[in-house]
Each structure stands twice: as C-alpha cells, then as structure tokens.
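The structure appears right after this line, and notes come after that.
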Amino acid sequence: MIRSFKQLIEDVQAKHISPIAVAGADDPPVLEAVCAARNQGIMEAVLVGNGGRIESGLQSTGRSPADFRIEHVNGNSEAVAERTVQLVLDGEVGSIMKGYMDTSVLLKAVLAQKELKTGRFMSVLGIIESPHYKKLLFLTDSGFIIRPTLEQKIDLIKNGVDLVGKLGEKNPKVGVVCAVEKVNDKMPDTLEAAELARLNQQGNITGCIVEGPLGFDNAVSAEAAAHKGVQGQVPGDADILLFPDLVSANSVYKTFGFLTNSKTAGYLAGAQVPIIITSRADSVETKLNSLAMVAIASKAASSRS
C-alpha cells in the first residue's frame with residue numbers, strides 16, 4: 001500500500017508510463033510541473049496549444065522545446081481541447097492534464113466522446129498527505145459536484161475505491177462525513193450516510209467498508225472516536241472521506257493545502273482515462289504529485305489491457 005507521495009513517485013519512476021496530453025500547455029506553473037515529472041522519470045508530456053507560447057514558456061523555465069512533443073493548434077480553447085481528446089482516442093497518450101483553459105471546455109470535449117465515458121458521474125478526489133495522519137487521505141467531491149444526490153454519492157464512493165485500489169488498498173475504508181455522528185431526521189445528510197452504510201452491508205456497494213454518519217474528527221482520529229464512543233472499522237482509519245457537498249470537501253482540502261504542513265494532489269475520476277484538473281493556485285509540487293497519481297492510474301489501466 002502506497003502511503004506517501006514520495007512512495008508514489010518512486011513507484012512510477014522509469015516504468016514507461018504512457019505520455020500525458022496537456023491541454024493549453026502555455027501555462028508556466030504547469031510547464032514547470034511537467035518538466036519536473038520528465039526529469040524525475042514519472043512520465044513524458046505532449047504539449048497541446050499555441051506552439052509559440054509553449055516554446056516561450058519552456059525557454060523561460062530554462063528548458064529546451066526540443067525535449068518535448070509540441071502539438072501546435074491554430075484556434076481557440078475548444079480546438080485545443082478537441083485535439084487533446086483526439087490524442088487519447090488515437091492511443092498516443094494515456095491521460096489528460098488541464099492547462100490554460102476553462103475546465104468546462106475540456107470536460108465538454110471529453111464527454112462528447114462515448115469511448116471516454118464510464119456510465120458513472122465524474123468526481124474530483126482531493127488527496128492529502130498530512131504529517132498527522134498515517135496514510136494518504138482521499139476527500140470527495142472536492143471540485144466538481146456541488147450537492148451530490150444519493151445516487152451520485154454511490155458513484156463518488158466507487159470512483160474513490162477504484163483510485164485507492166490502484167495504490168494497493170483492496171478494501172478501503174470510507175467514512176461518510178456529517179456534522180454529527182448520529183442519525184437525525186432534521187439532517188438529511190445523516191439519513192443518506194446511514195443508507196450508504198446499509199447498502200454497503202447488503203452488498204450493493206462492494207469492494208470497501210462504508211460507515212457513517214461520522215464526524216471528521218472521529219473518522220481520522222481513533223482517540224476522538226473512543227472519546228465519543230463511536231465504534232466501527234472506519235473511525236480513526238479512514239482512507240476515503242465522502243463529504244455532503246462541494247463547499248465542505250473543497251474547504252477542508254484547501255485548509256490542508258494552505259494552512260497546514262501537508263502535501264496535496266488532485267484527480268478527476270469517472271472517465272475512461274485519468275484526468276488532472278489543476279487550479280492556478282495549486283503549487284508546482286501539488287501539480288507534480290497529481291501527475292504521479294495519474295501515472296500510477298495509467299499504469300494500472302495499461303496492465304489490465
């Protein structure tokens with residue numbers, strides 16, 4: 001089981017991972033990250049967009065444009081996104097990273113191709129490596145679905161379980177996070193948390209252990225769980241935390257990233273290929289960690305094919 005980003009990077013180095021296509025690659029922080037990924041043997045990148053701006057960006061970071069494959073596209077962001085997706089369909093790359101373009105433009109191009117759909121809702125996993133926790137922690141949905149329904153929450157769990165499985169954990173523990181640990185008829189999120197746990201117990205959600213409602217504290221702290229009398233297999237040992245809405249998941253993810261000594265990464269799950277949706281506020285290290293996460297997901301996918 002991979003428990004840190006350092007382990008993750010070591011695992012994917014020099015493994016001949018399929019290249020990643022960067023849509024709108026004329027973005028200096030993204031270029032820094034893909035250059036670092038190349039230098040560390042994580043993966044190569046195909047840079048898609050305005051060739052002149054991409055070359056200038058590489059030169060400004062001290063890299064030679066000759067070291068990369070640059071796909072020059074004449075046209076707007078939609079044309080860049082379509083060319084990026086075509087590289088996936090042609091089998092020339094195994095994953096996608098968003099560069100300088102709107103997320104909606106890239107995802108529209110992805111969803112336009114039935115070959116890239118899985119039948120699940122897509123969701124963003126915010127990944128945390130905290131010095132105060134014993135393993136990587138996956139938060140969902142931290143960037144895509146505003147207020148997931150019960151049906152969507154099931155897919156969010158499945159997406160998270162698939163990704164955590166690629167890191168070696170075959171039966172991850174899922175904590176359904178709410179404001180309280182007891183079912184309260186006036187708090188619909190607690191009712192859905194209990195229903196998700198019931199569906200898991202009955203075998204309708206498989207490959208994981210789902211428990212809830214849980215508070216954030218007792219999901220990640222055995223001491224807090226014991227103090228509150230919260231029992232189960234998940235308290236103090238969660239791999240995945242399912243939040244009731246985008247605001248809570250995104251806020252917790254960004255709190256870890258900006259106000260604690262934690263490392264972070266992001267991953268868009270639910271498509272046939274791994275996708276990174278980066279934020280301009282994300283550090284180069286976060287983008288590099290995200291590239292490593294996509295690399296291991298690509299490696300797992302290629303080993304099954």
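Labels used: A, B, ... for chains in the order of the structure tokens, numbers from 1 for residues in each chain, and numbers from 1 for ligands as shown.
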
(message) Quick one: residues within 10 Å of Ser283 (chain A), only C-alpha atoms, excluding same-chain residues fewer than 5 positions away - as a ChimeraX atom specification?
(response) /A:29-30,33,257,263-265,278,288-289

The selected residues should be written to file as a PDB file, in the first residue's frame (atoms: N, CA and C atoms).
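Below you can see again31.pdb, which holds the result:
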ATOM      1  N   PRO A  29       3.330  27.497 -14.539  1.00  0.00           N
ATOM      2  CA  PRO A  29       3.368  26.502 -13.451  1.00  0.00           C
ATOM      3  C   PRO A  29       3.134  25.076 -13.935  1.00  0.00           C
ATOM      4  N   VAL A  30       2.252  24.907 -14.929  1.00  0.00           N
ATOM      5  CA  VAL A  30       2.014  23.582 -15.482  1.00  0.00           C
ATOM      6  C   VAL A  30       3.264  23.083 -16.191  1.00  0.00           C
ATOM      7  N   ALA A  33       5.766  21.847 -13.776  1.00  0.00           N
ATOM      8  CA  ALA A  33       5.407  20.539 -13.226  1.00  0.00           C
ATOM      9  C   ALA A  33       5.704  19.418 -14.218  1.00  0.00           C
ATOM     10  N   GLY A 257      -4.103  22.282   2.369  1.00  0.00           N
ATOM     11  CA  GLY A 257      -3.091  22.743   1.438  1.00  0.00           C
ATOM     12  C   GLY A 257      -2.453  24.072   1.795  1.00  0.00           C
ATOM     13  N   LYS A 263       0.970  17.917   2.146  1.00  0.00           N
ATOM     14  CA  LYS A 263       1.140  17.852   0.700  1.00  0.00           C
ATOM     15  C   LYS A 263      -0.188  17.435   0.081  1.00  0.00           C
ATOM     16  N   THR A 264      -0.448  17.905  -1.134  1.00  0.00           N
ATOM     17  CA  THR A 264      -1.743  17.656  -1.751  1.00  0.00           C
ATOM     18  C   THR A 264      -1.604  17.245  -3.210  1.00  0.00           C
ATOM     19  N   ALA A 265      -2.695  16.693  -3.735  1.00  0.00           N
ATOM     20  CA  ALA A 265      -2.806  16.368  -5.156  1.00  0.00           C
ATOM     21  C   ALA A 265      -4.283  16.338  -5.504  1.00  0.00           C
ATOM     22  N   THR A 278      -6.269  21.088 -12.820  1.00  0.00           N
ATOM     23  CA  THR A 278      -5.455  21.885 -11.910  1.00  0.00           C
ATOM     24  C   THR A 278      -6.090  23.244 -11.629  1.00  0.00           C
ATOM     25  N   LEU A 288       2.823  18.289  -9.513  1.00  0.00           N
ATOM     26  CA  LEU A 288       3.709  17.142  -9.702  1.00  0.00           C
ATOM     27  C   LEU A 288       3.133  15.902  -9.015  1.00  0.00           C
ATOM     28  N   ASN A 289       2.640  16.063  -7.795  1.00  0.00           N
ATOM     29  CA  ASN A 289       2.009  14.943  -7.102  1.00  0.00           C
ATOM     30  C   ASN A 289       0.804  14.420  -7.882  1.00  0.00           C
TER      31      ASN A 289
END

(request) Might you pull out every residue within 8 Å of Phe144 (chain A), with only C-alpha atoms counted and same-chain residues fewer than 6 positions away left off, and present them as a PyMOL selection string? (result) chain A and resi 122-124+246

(message) What's around Arg83 (chain A) at 9 Å? Count only C-alpha atoms, leave out sequence neighbours fewer than 6 positions away in its own chain, and write the answer as a list of chain:residue names.
(response)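 Listed by chain and then number, they are A:Ala23, A:Val48, A:Gly49, A:Glu71, A:Val73.
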
Selection export as a compact mmCIF listing (two decimals), in the first residue's frame, atoms kept: C-alpha atoms:
# COMPACT_ATOMS: atom_id res chain seq x y z
CA ALA A 23 -4.48 20.85 -22.92
CA VAL A 48 -1.05 20.97 -26.88
CA GLY A 49 -1.87 24.57 -27.73
CA GLU A 71 1.14 19.87 -30.84
CA VAL A 73 -3.18 24.13 -32.65

(message) Give me the residues near Ile70 (chain A) as a list in words, where near means some atom within 8 Å (using only C-alpha atoms) and where sequence neighbours in that chain fewer than 3 positions away do not count.
(response)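 After dropping sequence-adjacent residues, the list is Val46, Leu47, Val48, Gly49, Gly51, Ile54 and Pro65 of chain A.
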
Selection above as a file: C-alpha atoms, as a PDB file, in the first residue's frame:
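Produced file part05.pdb, reproduced below:
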ATOM      1  CA  VAL A  46       2.625  16.082 -25.146  1.00  0.00           C
ATOM      2  CA  LEU A  47       2.068  19.834 -25.010  1.00  0.00           C
ATOM      3  CA  VAL A  48      -1.050  20.970 -26.876  1.00  0.00           C
ATOM      4  CA  GLY A  49      -1.873  24.573 -27.726  1.00  0.00           C
ATOM      5  CA  GLY A  51       3.205  26.393 -30.196  1.00  0.00           C
ATOM      6  CA  ILE A  54       4.529  26.953 -25.332  1.00  0.00           C
ATOM      7  CA  PRO A  65      11.421  22.959 -26.594  1.00  0.00           C
TER       8      PRO A  65
END

(message) Residues within 12 Å of Gly99 (chain A), please, as a PyMOL selection string. Count only C-alpha atoms; anything in the same chain fewer than 5 positions from it doesn't count.
(response) chain A and resi 20-34+45-50+54+77+80-81+84+105-106+275-280+282+287

(request) Would you mind reading off the distance between CA of Arg38 (chain A) and CA of Gly126 (chain A), one decimal, in Å? (result)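 That distance, rounded to one decimal, is 23.2 Å.
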
(message) DSSP on the backbone, strand (DSSP E) only: what residues of region 45-289 of chain A does that give? Format it as number ranges by chain.
(response) A: 45-49, 69-72, 95-98, 123-129, 137-140, 173-177, 209-214, 240-242, 263-269, 275-276

(request) Considering only C-alpha atoms, return as number ranges by chain whatever protein or nucleic-acid residues lie within 12 Å of Leu199 (chain A), sequence-local ones (same chain, fewer than 5 positions apart) excluded. (result) A: 150-151, 153-154, 157, 192-194, 204-206, 208-212

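Straight-line separation from CA of Asp11 (chain A) to CA of Ser64 (chain A): 27.0 Å.
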
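You can rank A:Gly94, A:His72, A:Lys114, A:Phe243 by their closest distance to Leu291 (chain A) using only C-alpha atoms, and at the top of that list sits A:Gly94.
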
(message) Set the distance at 6 Å and use only C-alpha atoms: which residues neighbour Val93 (chain A) once local chain neighbours fewer than 6 positions away are removed? I'd like the list as a VMD selection string.
(response) chain A and resid 18 to 20 87

(request) Give the answer as one residue: which of A:Asp141, A:Ala238, A:Ile296, A:Lys173 has the shortest atom-to-atom distance to Ser251 (chain A), using only C-alpha atoms? (result)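 Of the candidates, the smallest distance to Ser251 (chain A) is held by A:Asp141.
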
(message) Just checking: using only C-alpha atoms, which residue out of A:Val273, A:Leu167, A:Leu137, A:Val183 ends up closest to Val220 (chain A)?
(response)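 That would be A:Leu137, the residue with the smallest distance to Val220 (chain A).
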
(request) Give me, please, the distance in Å between CA of Met187 (chain A) and CA of Gly215 (chain A), quoted to one decimal. (result) 13.4 Å

(request) Please give the complete set of residues from region 9-216 of chain A that DSSP, run on the backbone, assigns to alpha helix (DSSP H), formatted as number ranges by chain. (result) A: 9-12, 28-39, 51-60, 77-89, 103-111, 150-165, 188-201, 216

Would you mind exporting the chosen residues as a PDB file, in the first residue's frame, restricted to C-alpha atoms?
ATOM      1  CA  ILE A   9       6.770   8.873  -7.249  1.00  0.00           C
ATOM      2  CA  GLU A  10       9.275   6.098  -6.607  1.00  0.00           C
ATOM      3  CA  ASP A  11       6.734   3.520  -7.756  1.00  0.00           C
ATOM      4  CA  VAL A  12       6.070   5.124 -11.128  1.00  0.00           C
ATOM      5  CA  PRO A  28       4.259  28.404 -16.678  1.00  0.00           C
ATOM      6  CA  PRO A  29       3.368  26.502 -13.451  1.00  0.00           C
ATOM      7  CA  VAL A  30       2.014  23.582 -15.482  1.00  0.00           C
ATOM      8  CA  LEU A  31       5.135  23.573 -17.645  1.00  0.00           C
ATOM      9  CA  GLU A  32       7.298  23.553 -14.522  1.00  0.00           C
ATOM     10  CA  ALA A  33       5.407  20.539 -13.226  1.00  0.00           C
ATOM     11  CA  VAL A  34       5.599  18.539 -16.476  1.00  0.00           C
ATOM     12  CA  CYS A  35       9.304  19.355 -16.767  1.00  0.00           C
ATOM     13  CA  ALA A  36       9.845  18.129 -13.207  1.00  0.00           C
ATOM     14  CA  ALA A  37       7.846  14.983 -13.997  1.00  0.00           C
ATOM     15  CA  ARG A  38      10.031  14.351 -17.027  1.00  0.00           C
ATOM     16  CA  ASN A  39      13.248  14.969 -15.094  1.00  0.00           C
ATOM     17  CA  GLY A  51       3.205  26.393 -30.196  1.00  0.00           C
ATOM     18  CA  GLY A  52       4.901  29.781 -29.977  1.00  0.00           C
ATOM     19  CA  ARG A  53       3.676  30.481 -26.449  1.00  0.00           C
ATOM     20  CA  ILE A  54       4.529  26.953 -25.332  1.00  0.00           C
ATOM     21  CA  GLU A  55       8.072  27.288 -26.653  1.00  0.00           C
ATOM     22  CA  SER A  56       8.478  30.663 -24.946  1.00  0.00           C
ATOM     23  CA  GLY A  57       7.175  29.207 -21.694  1.00  0.00           C
ATOM     24  CA  LEU A  58       9.641  26.331 -21.838  1.00  0.00           C
ATOM     25  CA  GLN A  59      12.519  28.668 -22.578  1.00  0.00           C
ATOM     26  CA  SER A  60      11.549  30.908 -19.664  1.00  0.00           C
ATOM     27  CA  SER A  77      -9.612  26.588 -26.496  1.00  0.00           C
ATOM     28  CA  GLU A  78     -12.295  24.345 -27.956  1.00  0.00           C
ATOM     29  CA  ALA A  79      -9.948  23.340 -30.783  1.00  0.00           C
ATOM     30  CA  VAL A  80      -7.149  22.681 -28.290  1.00  0.00           C
ATOM     31  CA  ALA A  81      -9.435  20.510 -26.157  1.00  0.00           C
ATOM     32  CA  GLU A  82     -10.645  18.544 -29.168  1.00  0.00           C
ATOM     33  CA  ARG A  83      -7.076  17.882 -30.336  1.00  0.00           C
ATOM     34  CA  THR A  84      -6.121  16.769 -26.819  1.00  0.00           C
ATOM     35  CA  VAL A  85      -9.013  14.303 -26.690  1.00  0.00           C
ATOM     36  CA  GLN A  86      -8.150  13.020 -30.166  1.00  0.00           C
ATOM     37  CA  LEU A  87      -4.650  12.135 -28.949  1.00  0.00           C
ATOM     38  CA  VAL A  88      -6.300   9.917 -26.330  1.00  0.00           C
ATOM     39  CA  LEU A  89      -8.648   8.316 -28.857  1.00  0.00           C
ATOM     40  CA  THR A 103     -12.424  23.312 -17.067  1.00  0.00           C
ATOM     41  CA  SER A 104     -15.842  23.268 -18.757  1.00  0.00           C
ATOM     42  CA  VAL A 105     -14.250  23.449 -22.199  1.00  0.00           C
ATOM     43  CA  LEU A 106     -12.033  20.440 -21.591  1.00  0.00           C
ATOM     44  CA  LEU A 107     -14.742  18.343 -19.961  1.00  0.00           C
ATOM     45  CA  LYS A 108     -17.185  19.122 -22.776  1.00  0.00           C
ATOM     46  CA  ALA A 109     -14.664  17.693 -25.246  1.00  0.00           C
ATOM     47  CA  VAL A 110     -14.167  14.610 -23.057  1.00  0.00           C
ATOM     48  CA  LEU A 111     -17.886  13.974 -22.584  1.00  0.00           C
ATOM     49  CA  LEU A 150     -27.605   9.644  -3.012  1.00  0.00           C
ATOM     50  CA  GLU A 151     -27.114   8.138  -6.480  1.00  0.00           C
ATOM     51  CA  GLN A 152     -24.136  10.406  -7.114  1.00  0.00           C
ATOM     52  CA  LYS A 153     -22.645   9.635  -3.716  1.00  0.00           C
ATOM     53  CA  ILE A 154     -22.579   5.954  -4.649  1.00  0.00           C
ATOM     54  CA  ASP A 155     -20.547   6.817  -7.751  1.00  0.00           C
ATOM     55  CA  LEU A 156     -18.278   9.086  -5.710  1.00  0.00           C
ATOM     56  CA  ILE A 157     -17.519   6.150  -3.438  1.00  0.00           C
ATOM     57  CA  LYS A 158     -16.882   3.834  -6.398  1.00  0.00           C
ATOM     58  CA  ASN A 159     -14.560   6.370  -8.035  1.00  0.00           C
ATOM     59  CA  GLY A 160     -12.588   6.732  -4.817  1.00  0.00           C
ATOM     60  CA  VAL A 161     -12.395   2.979  -4.240  1.00  0.00           C
ATOM     61  CA  ASP A 162     -11.056   2.455  -7.766  1.00  0.00           C
ATOM     62  CA  LEU A 163      -8.279   5.008  -7.291  1.00  0.00           C
ATOM     63  CA  VAL A 164      -7.266   3.859  -3.813  1.00  0.00           C
ATOM     64  CA  GLY A 165      -7.195   0.295  -5.144  1.00  0.00           C
ATOM     65  CA  PRO A 188     -30.823  14.689   5.556  1.00  0.00           C
ATOM     66  CA  ASP A 189     -27.074  14.084   5.165  1.00  0.00           C
ATOM     67  CA  THR A 190     -27.111  11.795   8.200  1.00  0.00           C
ATOM     68  CA  LEU A 191     -30.010   9.802   6.731  1.00  0.00           C
ATOM     69  CA  GLU A 192     -28.113   9.330   3.465  1.00  0.00           C
ATOM     70  CA  ALA A 193     -24.950   8.384   5.368  1.00  0.00           C
ATOM     71  CA  ALA A 194     -26.840   5.625   7.163  1.00  0.00           C
ATOM     72  CA  GLU A 195     -28.379   4.487   3.876  1.00  0.00           C
ATOM     73  CA  LEU A 196     -24.944   4.272   2.212  1.00  0.00           C
ATOM     74  CA  ALA A 197     -23.679   2.186   5.118  1.00  0.00           C
ATOM     75  CA  ARG A 198     -26.731  -0.070   4.808  1.00  0.00           C
ATOM     76  CA  LEU A 199     -26.223  -0.515   1.053  1.00  0.00           C
ATOM     77  CA  ASN A 200     -22.616  -1.474   1.730  1.00  0.00           C
ATOM     78  CA  GLN A 201     -23.620  -4.021   4.356  1.00  0.00           C
ATOM     79  CA  PHE A 216     -14.445  14.473  10.561  1.00  0.00           C
TER      80      PHE A 216
END
